[in-house]
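Visitor: You'll find run_14.cif just under this line, and it carries mmCIF, C-alpha atoms.
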data_coords
loop_
_atom_site.label_atom_id
_atom_site.label_comp_id
_atom_site.auth_asym_id
_atom_site.auth_seq_id
_atom_site.Cartn_x
_atom_site.Cartn_y
_atom_site.Cartn_z
CA MET P 42 91.10 139.76 102.75
CA ARG P 43 90.02 139.11 99.19
CA ARG P 44 90.24 135.45 98.17
CA LYS P 45 92.60 134.44 95.39
CA ILE P 46 89.84 132.80 93.34
CA PRO P 47 89.14 133.30 89.61
CA SER P 48 85.63 134.02 88.34
CA THR P 49 83.11 131.18 88.45
CA ALA P 50 82.23 131.79 84.80
CA ALA P 51 85.86 131.27 83.80
CA LEU P 52 86.10 128.06 85.84
CA VAL P 53 82.89 126.65 84.38
CA SER P 54 84.06 127.48 80.85
CA PHE P 55 87.45 125.89 81.52
CA GLU P 56 85.97 122.72 83.04
CA SER P 57 83.69 122.21 80.05
CA ALA P 58 86.45 122.92 77.50
CA ALA P 59 88.85 120.61 79.36
CA ARG P 60 86.29 117.80 79.52
CA HIS P 61 85.59 118.01 75.78
CA GLU P 62 89.07 119.25 74.78
CA SER P 63 87.15 121.57 72.49
CA PHE P 64 86.19 125.23 72.78
CA THR P 65 83.44 124.66 70.21
CA LYS P 66 81.76 121.86 72.19
CA ALA P 67 82.11 123.85 75.42
CA ALA P 68 80.41 126.83 73.75
CA SER P 69 77.55 124.60 72.60
CA GLU P 70 77.14 123.00 76.05
CA LEU P 71 77.09 126.35 77.86
CA SER P 72 75.05 128.20 75.18
CA LEU P 73 77.87 130.69 74.61
CA THR P 74 79.84 131.72 71.56
CA GLN P 75 83.23 130.18 70.90
CA SER P 76 84.84 133.59 71.24
CA ALA P 77 83.27 133.97 74.69
CA ILE P 78 84.81 130.65 75.76
CA CYS P 79 88.16 131.79 74.39
CA ARG P 80 87.96 135.02 76.38
CA GLN P 81 87.01 133.25 79.61
CA ILE P 82 89.86 130.77 79.34
CA GLY P 83 92.29 133.49 78.29
CA SER P 84 91.38 135.51 81.38
CA LEU P 85 91.81 132.39 83.54
CA GLU P 86 95.26 131.70 82.11
CA ALA P 87 96.22 135.33 82.73
CA PHE P 88 94.95 135.09 86.31
CA LEU P 89 96.92 131.87 86.94
CA GLY P 90 99.99 132.90 84.99
CA ILE P 91 100.17 129.51 83.25
CA GLU P 92 99.09 128.06 79.92
CA LEU P 93 96.19 125.61 80.26
CA PHE P 94 95.78 124.66 76.59
CA LYS P 95 98.08 124.29 73.64
CA ARG P 96 96.43 125.82 70.58
CA SER P 97 96.98 124.64 67.03
CA ARG P 98 95.13 124.58 63.73
CA ARG P 99 93.90 121.10 64.62
CA GLY P 100 92.28 122.31 67.85
CA VAL P 101 93.26 122.56 71.50
CA LYS P 102 94.94 120.12 73.88
CA LEU P 103 95.41 120.38 77.63
CA THR P 104 98.89 121.06 78.96
CA ASP P 105 100.10 118.97 81.89
CA ALA P 106 99.25 121.85 84.22
CA GLY P 107 95.86 122.22 82.55
CA LEU P 108 95.08 118.52 82.96
CA SER P 109 95.98 118.58 86.66
CA TYR P 110 94.01 121.77 87.30
CA SER P 111 90.97 120.52 85.37
CA ARG P 112 90.71 117.42 87.54
CA ARG P 113 90.79 119.47 90.71
CA ILE P 114 88.34 122.07 89.43
CA ALA P 115 85.90 119.41 88.19
CA SER P 116 85.68 117.80 91.63
CA GLN P 117 85.23 121.18 93.31
CA LEU P 118 82.49 122.26 90.91
CA ASP P 119 80.75 118.91 91.45
CA ALA P 120 80.82 119.55 95.20
CA VAL P 121 79.41 123.05 94.78
CA GLU P 122 76.63 121.67 92.57
CA ARG P 123 75.75 118.96 95.11
CA ASP P 124 75.63 121.47 97.94
CA THR P 125 73.53 123.85 95.87
CA LEU P 126 71.01 121.15 94.94
CA SER P 127 70.90 120.04 98.57
CA VAL P 128 70.06 123.54 99.78
CA MET P 129 67.48 123.99 97.02
CA GLY P 130 65.86 120.70 97.97
CA GLN P 131 65.59 121.43 101.68
CA GLN P 132 62.77 123.97 101.35
CA GLY P 133 62.62 124.80 105.03
CA THR P 134 63.59 121.36 106.37
CA SER P 135 66.42 120.61 108.77
CA VAL P 136 69.21 118.28 107.69
CA ILE P 137 71.27 116.00 109.93
CA GLU P 138 74.54 114.76 108.49
CA LEU P 139 75.18 111.49 110.33
CA ALA P 140 78.35 109.39 110.23
CA VAL P 141 77.56 105.76 110.96
CA VAL P 142 79.39 102.44 111.08
CA PRO P 143 78.34 100.56 107.93
CA THR P 144 76.57 97.37 109.02
CA PHE P 145 74.78 99.04 111.93
CA GLY P 146 73.55 101.70 109.52
CA THR P 147 72.25 99.36 106.85
CA GLN P 148 71.00 96.47 108.98
CA TRP P 149 69.61 98.17 112.08
CA LEU P 150 69.17 101.90 111.57
CA LEU P 151 67.85 102.15 108.00
CA PRO P 152 64.92 99.75 108.52
CA ARG P 153 63.74 102.03 111.36
CA LEU P 154 64.33 105.44 109.79
CA LYS P 155 60.93 105.50 108.12
CA ASP P 156 59.39 105.78 111.58
CA PHE P 157 61.53 108.84 112.29
CA GLN P 158 60.57 110.37 108.95
CA THR P 159 56.89 109.80 109.75
CA ARG P 160 57.23 111.50 113.13
CA HIS P 161 59.51 114.29 111.92
CA PRO P 162 58.91 114.98 108.21
CA GLU P 163 60.66 118.33 108.62
CA ILE P 164 64.01 116.63 109.36
CA THR P 165 66.15 114.86 106.75
CA VAL P 166 68.84 112.43 107.91
CA ASN P 167 71.77 111.81 105.53
CA LEU P 168 73.98 108.80 106.23
CA THR P 169 77.69 108.41 105.45
CA ASN P 170 79.88 105.46 106.40
CA ARG P 171 82.65 106.16 108.90
CA THR P 172 84.28 103.43 110.97
CA ARG P 173 86.66 105.47 113.15
CA PRO P 174 86.54 108.69 115.21
CA PHE P 175 87.33 111.98 113.51
CA LEU P 176 87.38 115.68 114.32
CA PHE P 177 83.88 117.09 113.91
CA ALA P 178 85.38 120.53 113.30
CA ASP P 179 87.06 119.20 110.15
CA THR P 180 83.87 117.71 108.65
CA ASP P 181 80.25 118.58 107.92
CA PHE P 182 78.94 115.86 110.25
CA ASP P 183 76.43 116.82 112.94
CA ALA P 184 76.63 113.53 114.84
CA ALA P 185 78.00 110.00 114.60
CA ILE P 186 77.02 106.48 115.59
CA TYR P 187 80.18 104.79 116.75
CA PHE P 188 81.16 101.50 118.37
CA GLY P 189 83.65 101.82 121.20
CA ASP P 190 84.15 103.11 124.71
CA ALA P 191 82.63 106.58 124.11
CA ASP P 192 86.00 108.26 124.62
CA TRP P 193 85.64 111.00 122.00
CA PRO P 194 86.89 114.47 123.06
CA GLY P 195 84.51 117.38 122.63
CA THR P 196 81.38 115.25 122.38
CA LEU P 197 78.54 113.94 124.51
CA ALA P 198 77.92 110.19 124.24
CA TYR P 199 74.53 108.50 124.43
CA ARG P 200 74.71 104.72 124.85
CA LEU P 201 72.46 102.80 122.48
CA MET P 202 73.20 99.10 122.95
CA GLY P 203 75.92 96.59 123.61
CA GLU P 204 77.17 94.33 120.87
CA ASN P 205 77.05 90.88 122.52
CA PRO P 206 77.89 88.81 119.42
CA MET P 207 76.93 85.14 119.27
CA PRO P 208 78.28 82.24 117.17
CA VAL P 209 76.25 81.95 113.96
CA CYS P 210 76.55 79.69 110.94
CA ASN P 211 74.71 78.13 108.04
CA PRO P 212 72.13 75.60 109.34
CA THR P 213 73.94 72.76 107.56
CA LEU P 214 76.90 73.10 109.96
CA LEU P 215 74.65 72.09 112.85
CA GLU P 216 74.36 68.63 111.32
CA GLY P 217 70.86 68.16 112.73
CA GLN P 218 71.68 69.41 116.23
CA LEU P 219 69.99 72.33 117.96
CA THR P 220 73.27 73.86 119.15
CA LEU P 221 76.98 73.17 119.05
CA SER P 222 79.31 72.81 122.03
CA ALA P 223 82.27 75.15 122.40
CA GLU P 224 84.54 72.17 121.72
CA ARG P 225 82.77 71.45 118.42
CA ILE P 226 82.84 75.11 117.42
CA ALA P 227 86.61 75.12 118.04
CA GLN P 228 86.96 72.48 115.31
CA LEU P 229 85.16 74.56 112.66
CA PRO P 230 86.73 77.28 110.48
CA LEU P 231 86.59 80.46 112.56
CA LEU P 232 85.65 83.59 110.62
CA GLN P 233 87.43 86.62 112.06
CA GLN P 234 86.35 90.26 112.28
CA THR P 235 89.23 92.60 111.44
CA THR P 236 88.38 95.23 114.05
CA ARG P 237 87.68 92.61 116.77
CA PRO P 238 90.75 90.38 116.36
CA HIS P 239 90.48 88.87 119.86
CA ALA P 240 86.75 88.13 119.79
CA TRP P 241 86.99 84.36 119.42
CA ARG P 242 89.77 84.16 122.02
CA GLN P 243 87.59 86.05 124.48
CA TRP P 244 84.58 83.90 123.67
CA PHE P 245 86.46 80.63 124.22
CA SER P 246 88.07 82.06 127.37
CA GLU P 247 84.63 82.76 128.83
CA ARG P 248 83.89 79.06 128.19
CA GLN P 249 87.14 78.13 130.05
CA LEU P 250 88.53 76.73 126.83
CA HIS P 251 92.00 77.27 125.36
CA VAL P 252 92.01 77.03 121.55
CA PRO P 253 95.45 77.56 119.93
CA ARG P 254 93.88 78.47 116.57
CA ASP P 255 91.37 80.95 117.98
CA MET P 256 92.89 83.87 116.03
CA THR P 257 93.32 82.05 112.72
CA GLY P 258 90.93 82.08 109.81
CA PRO P 259 89.88 84.51 107.07
CA ARG P 260 89.40 88.10 108.22
CA TYR P 261 86.63 90.47 107.12
CA GLU P 262 86.27 94.14 107.94
CA LEU P 263 82.47 94.33 108.13
CA PHE P 264 79.88 92.20 109.92
CA SER P 265 77.94 92.11 106.64
CA MET P 266 80.94 90.37 105.06
CA LEU P 267 81.12 87.91 107.95
CA ALA P 268 77.42 87.15 107.54
CA GLN P 269 77.83 86.45 103.82
CA ALA P 270 80.80 84.17 104.46
CA ALA P 271 78.89 82.28 107.15
CA MET P 272 75.82 81.90 104.92
CA HIS P 273 78.05 80.36 102.25
CA GLU P 274 79.26 77.70 104.71
CA MET P 275 82.78 79.13 104.91
CA GLY P 276 82.81 78.81 108.69
CA ILE P 277 81.27 80.11 111.88
CA ALA P 278 81.24 83.78 112.88
CA LEU P 279 80.64 85.91 115.96
CA ILE P 280 77.95 88.44 114.99
CA PRO P 281 75.48 90.50 117.06
CA PRO P 282 72.02 89.01 116.36
CA PHE P 283 70.43 92.45 115.89
CA LEU P 284 72.63 92.97 112.81
CA ILE P 285 71.40 89.80 111.10
CA GLN P 286 67.75 89.71 112.14
CA ARG P 287 66.46 89.06 108.61
CA GLU P 288 68.99 86.29 108.01
CA LEU P 289 67.92 84.62 111.25
CA GLU P 290 64.23 84.96 110.47
CA GLU P 291 64.76 83.45 107.00
CA GLN P 292 66.95 80.66 108.47
CA ARG P 293 69.86 81.55 106.24
CA LEU P 294 71.83 81.78 109.49
CA VAL P 295 71.22 80.17 112.87
CA ILE P 296 72.65 80.81 116.30
CA ALA P 297 74.95 77.89 116.99
CA SER P 298 75.45 78.50 120.72
CA PRO P 299 73.38 80.34 123.35
CA HIS P 300 76.49 81.99 124.80
CA ALA P 301 77.03 85.64 123.84
CA LEU P 302 80.38 87.39 124.14
CA ASN P 303 80.21 90.03 126.86
CA SER P 304 81.77 93.34 125.86
CA ALA P 305 82.32 96.57 127.77
CA LYS P 306 82.13 98.51 124.51
CA ALA P 307 78.86 99.56 122.92
CA TYR P 308 77.24 101.52 120.11
CA HIS P 309 76.91 105.21 121.00
CA LEU P 310 75.40 108.29 119.45
CA MET P 311 78.09 110.96 119.58
CA ILE P 312 77.07 114.64 119.36
CA PRO P 313 79.53 117.54 119.50
CA GLU P 314 79.03 119.58 122.66
CA ARG P 315 78.40 122.73 120.64
CA LYS P 316 75.45 121.09 118.85
CA THR P 317 73.63 119.40 121.72
CA SER P 318 71.02 122.17 121.89
CA THR P 319 70.10 121.82 118.20
CA VAL P 320 66.39 121.01 118.03
CA SER P 321 66.65 118.52 115.17
CA LEU P 322 69.48 116.63 116.87
CA GLN P 323 67.55 116.50 120.13
CA ALA P 324 64.57 114.99 118.31
CA PHE P 325 66.79 112.42 116.55
CA ARG P 326 68.64 111.60 119.78
CA ASN P 327 65.41 110.99 121.70
CA TRP P 328 63.96 108.85 118.93
CA LEU P 329 67.16 106.80 118.52
CA ILE P 330 67.49 106.12 122.25
CA GLU P 331 63.85 105.07 122.35
CA GLN P 332 64.38 102.67 119.44
CA ALA P 333 67.57 101.22 120.91
CA HIS P 334 66.29 100.74 124.43
CA GLY P 335 63.00 99.30 123.19
CA TYR P 336 64.70 96.76 120.96
CA THR P 337 64.89 93.13 122.03
CA LEU P 338 65.30 89.99 120.02
CA PRO P 339 61.96 88.35 119.18
CA GLU P 340 60.83 85.70 121.63
CA GLU P 341 61.70 82.86 119.28
CA HIS P 342 65.29 84.11 118.89
CA PRO P 343 66.90 83.62 122.28
CA ALA P 344 69.77 81.22 122.01
CA ALA P 345 68.95 77.67 120.94
CA GLY P 346 65.43 78.56 119.96
CA VAL P 347 66.79 80.22 116.86
CA ALA P 348 68.74 77.16 115.83
CA ASN P 349 65.55 75.11 116.01
CA ARG P 350 63.72 77.29 113.51
#
Once you've parsed the file, please lay out its structure as structure tokens.
Guide:
Amino acid sequence: MRRKIPSTAALVSFESAARHESFTKAASELSLTQSAICRQIGSLEAFLGIELFKRSRRGVKLTDAGLSYSRRIASQLDAVERDTLSVMGQQGTSVIELAVVPTFGTQWLLPRLKDFQTRHPEITVNLTNRTRPFLFADTDFDAAIYFGDADWPGTLAYRLMGENPMPVCNPTLLEGQLTLSAERIAQLPLLQQTTRPHAWRQWFSERQLHVPRDMTGPRYELFSMLAQAAMHEMGIALIPPFLIQRELEEQRLVIASPHALNSAKAYHLMIPERKTSTVSLQAFRNWLIEQAHGYTLPEEHPAAGVANR
């Protein structure tokens, strides 16, 4: 069935004329004559059956329908241009569109991606932030790195690592001590993670401690936000050490207690079942699992040793 789509030339002419609100400027931008722009927009209006511009001796002005349509067309043409440039730039390479939870992507994955590029220069990995599951069939994503229980229909899950967050804070909050007791931590402002609302309650429970205010305190959606708040002495936060390795090494944050929060959930690489045989995804999967399983905190980082640095 033939699509109900006007000519690309007419859409490009309309988008330019709408952006400038001038047929003359659109003609100059597109290296066409003004009469050619008029014809293209006239044919588009005839195709749509609506008036896109109001003409007068003083020039042209978008109608309400024209304004609404121009906004939609502009975004669609931008998307077509991006996709076209992407294909032109591939030149025989494979591209992996990867959805990734933000802090994991920026703090752990990105610093290691150069190694993958060195090993597989023929594969390009594009990263986009996504925090929750989605339907792969409705997106362009080839895979996702996701924190949870790996319950994602239609996919195969590859476990990367557990989270195991630990209490971290600005060194000044230690007040000269190497670590803080759970009782002392309970007295400090507790920074909360929006998607892990029970984290502090679970941590105190594992220490056999009941803290009435364990779910109070400012809430932040991302671990990177928690880290910034902790560095600015706003309180103490539960953060996985592998997400703040640089901050720990530079002593902007220290681990305040050697006790990590045990969690059944973990970071997983999720690949749709229909794409598991893709060569580029297999290469990325193998490399990522190797990096994750080979990662350990540096020797000087375990527990109190970090606080002493």
Visitor: Given the file shown, enumerate the residues that the PyMOL selection byres ((chain P and resi 112-129) around 9) captures and present them as number ranges by chain.
Guide: P: 52-53, 55-57, 59-60, 107-111, 130-132
Visitor: Kindly save the residues from that selection, with C-alpha atoms included, as a PDB file, keeping the file's coordinate frame.
Guide:
ATOM      1  CA  LEU P  52      86.100 128.060  85.840  1.00  0.00           C
ATOM      2  CA  VAL P  53      82.890 126.650  84.380  1.00  0.00           C
ATOM      3  CA  PHE P  55      87.450 125.890  81.520  1.00  0.00           C
ATOM      4  CA  GLU P  56      85.970 122.720  83.040  1.00  0.00           C
ATOM      5  CA  SER P  57      83.690 122.210  80.050  1.00  0.00           C
ATOM      6  CA  ALA P  59      88.850 120.610  79.360  1.00  0.00           C
ATOM      7  CA  ARG P  60      86.290 117.800  79.520  1.00  0.00           C
ATOM      8  CA  GLY P 107      95.860 122.220  82.550  1.00  0.00           C
ATOM      9  CA  LEU P 108      95.080 118.520  82.960  1.00  0.00           C
ATOM     10  CA  SER P 109      95.980 118.580  86.660  1.00  0.00           C
ATOM     11  CA  TYR P 110      94.010 121.770  87.300  1.00  0.00           C
ATOM     12  CA  SER P 111      90.970 120.520  85.370  1.00  0.00           C
ATOM     13  CA  GLY P 130      65.860 120.700  97.970  1.00  0.00           C
ATOM     14  CA  GLN P 131      65.590 121.430 101.680  1.00  0.00           C
ATOM     15  CA  GLN P 132      62.770 123.970 101.350  1.00  0.00           C
TER      16      GLN P 132
END
Visitor: Starting from the point (82.6, 131.0, 80.3), work out which residues of protein, DNA or RNA have an atom no more than 6 Å away when counting all atoms listed in the file; state them as a PDB file with C-alpha atoms, in the frame of the given file.
Guide:
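This went into selection13.pdb:
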ATOM      1  CA  ALA P  50      82.230 131.790  84.800  1.00  0.00           C
ATOM      2  CA  ALA P  51      85.860 131.270  83.800  1.00  0.00           C
ATOM      3  CA  VAL P  53      82.890 126.650  84.380  1.00  0.00           C
ATOM      4  CA  SER P  54      84.060 127.480  80.850  1.00  0.00           C
ATOM      5  CA  ILE P  78      84.810 130.650  75.760  1.00  0.00           C
ATOM      6  CA  GLN P  81      87.010 133.250  79.610  1.00  0.00           C
TER       7      GLN P  81
END
Visitor: Do you know which residues the PyMOL selection byres ((chain P and resi 275-291) around 6) returns on this file, as a VMD selection string?
Guide: chain P and resid 148 204 to 210 230 to 232 270 to 271 273 to 274 292 to 295
Visitor: Need the shell around Lys306 of chain P: protein/DNA/RNA residues with any atom at most 7 Å away, counting all atoms listed in the file. Skip same-chain ones fewer than 3 positions apart. Format as a PyMOL selection string?
Guide: chain P and resi 188-190+203
Visitor: Return as a PDB file with C-alpha atoms, in the frame of the given file the set of residues that the PyMOL selection byres ((chain P and resi 182) around 8) yields on the displayed structure.
Guide:
ATOM      1  CA  ILE P 137      71.270 116.000 109.930  1.00  0.00           C
ATOM      2  CA  GLU P 138      74.540 114.760 108.490  1.00  0.00           C
ATOM      3  CA  LEU P 139      75.180 111.490 110.330  1.00  0.00           C
ATOM      4  CA  ALA P 140      78.350 109.390 110.230  1.00  0.00           C
ATOM      5  CA  PHE P 177      83.880 117.090 113.910  1.00  0.00           C
ATOM      6  CA  THR P 180      83.870 117.710 108.650  1.00  0.00           C
ATOM      7  CA  ASP P 181      80.250 118.580 107.920  1.00  0.00           C
ATOM      8  CA  ASP P 183      76.430 116.820 112.940  1.00  0.00           C
ATOM      9  CA  ALA P 184      76.630 113.530 114.840  1.00  0.00           C
ATOM     10  CA  ALA P 185      78.000 110.000 114.600  1.00  0.00           C
TER      11      ALA P 185
END
Visitor: Measuring atom to atom with only C-alpha atoms, identify which of P:Gly146, P:Gly100, P:Pro174, P:Gly195 is nearest to Lys316 of chain P.
Guide: P:Gly195
Visitor: In Å, with one decimal, what is the gap from atom CA of Thr257 of chain P to atom CA of Ala191 of chain P?
Guide: 29.1 Å
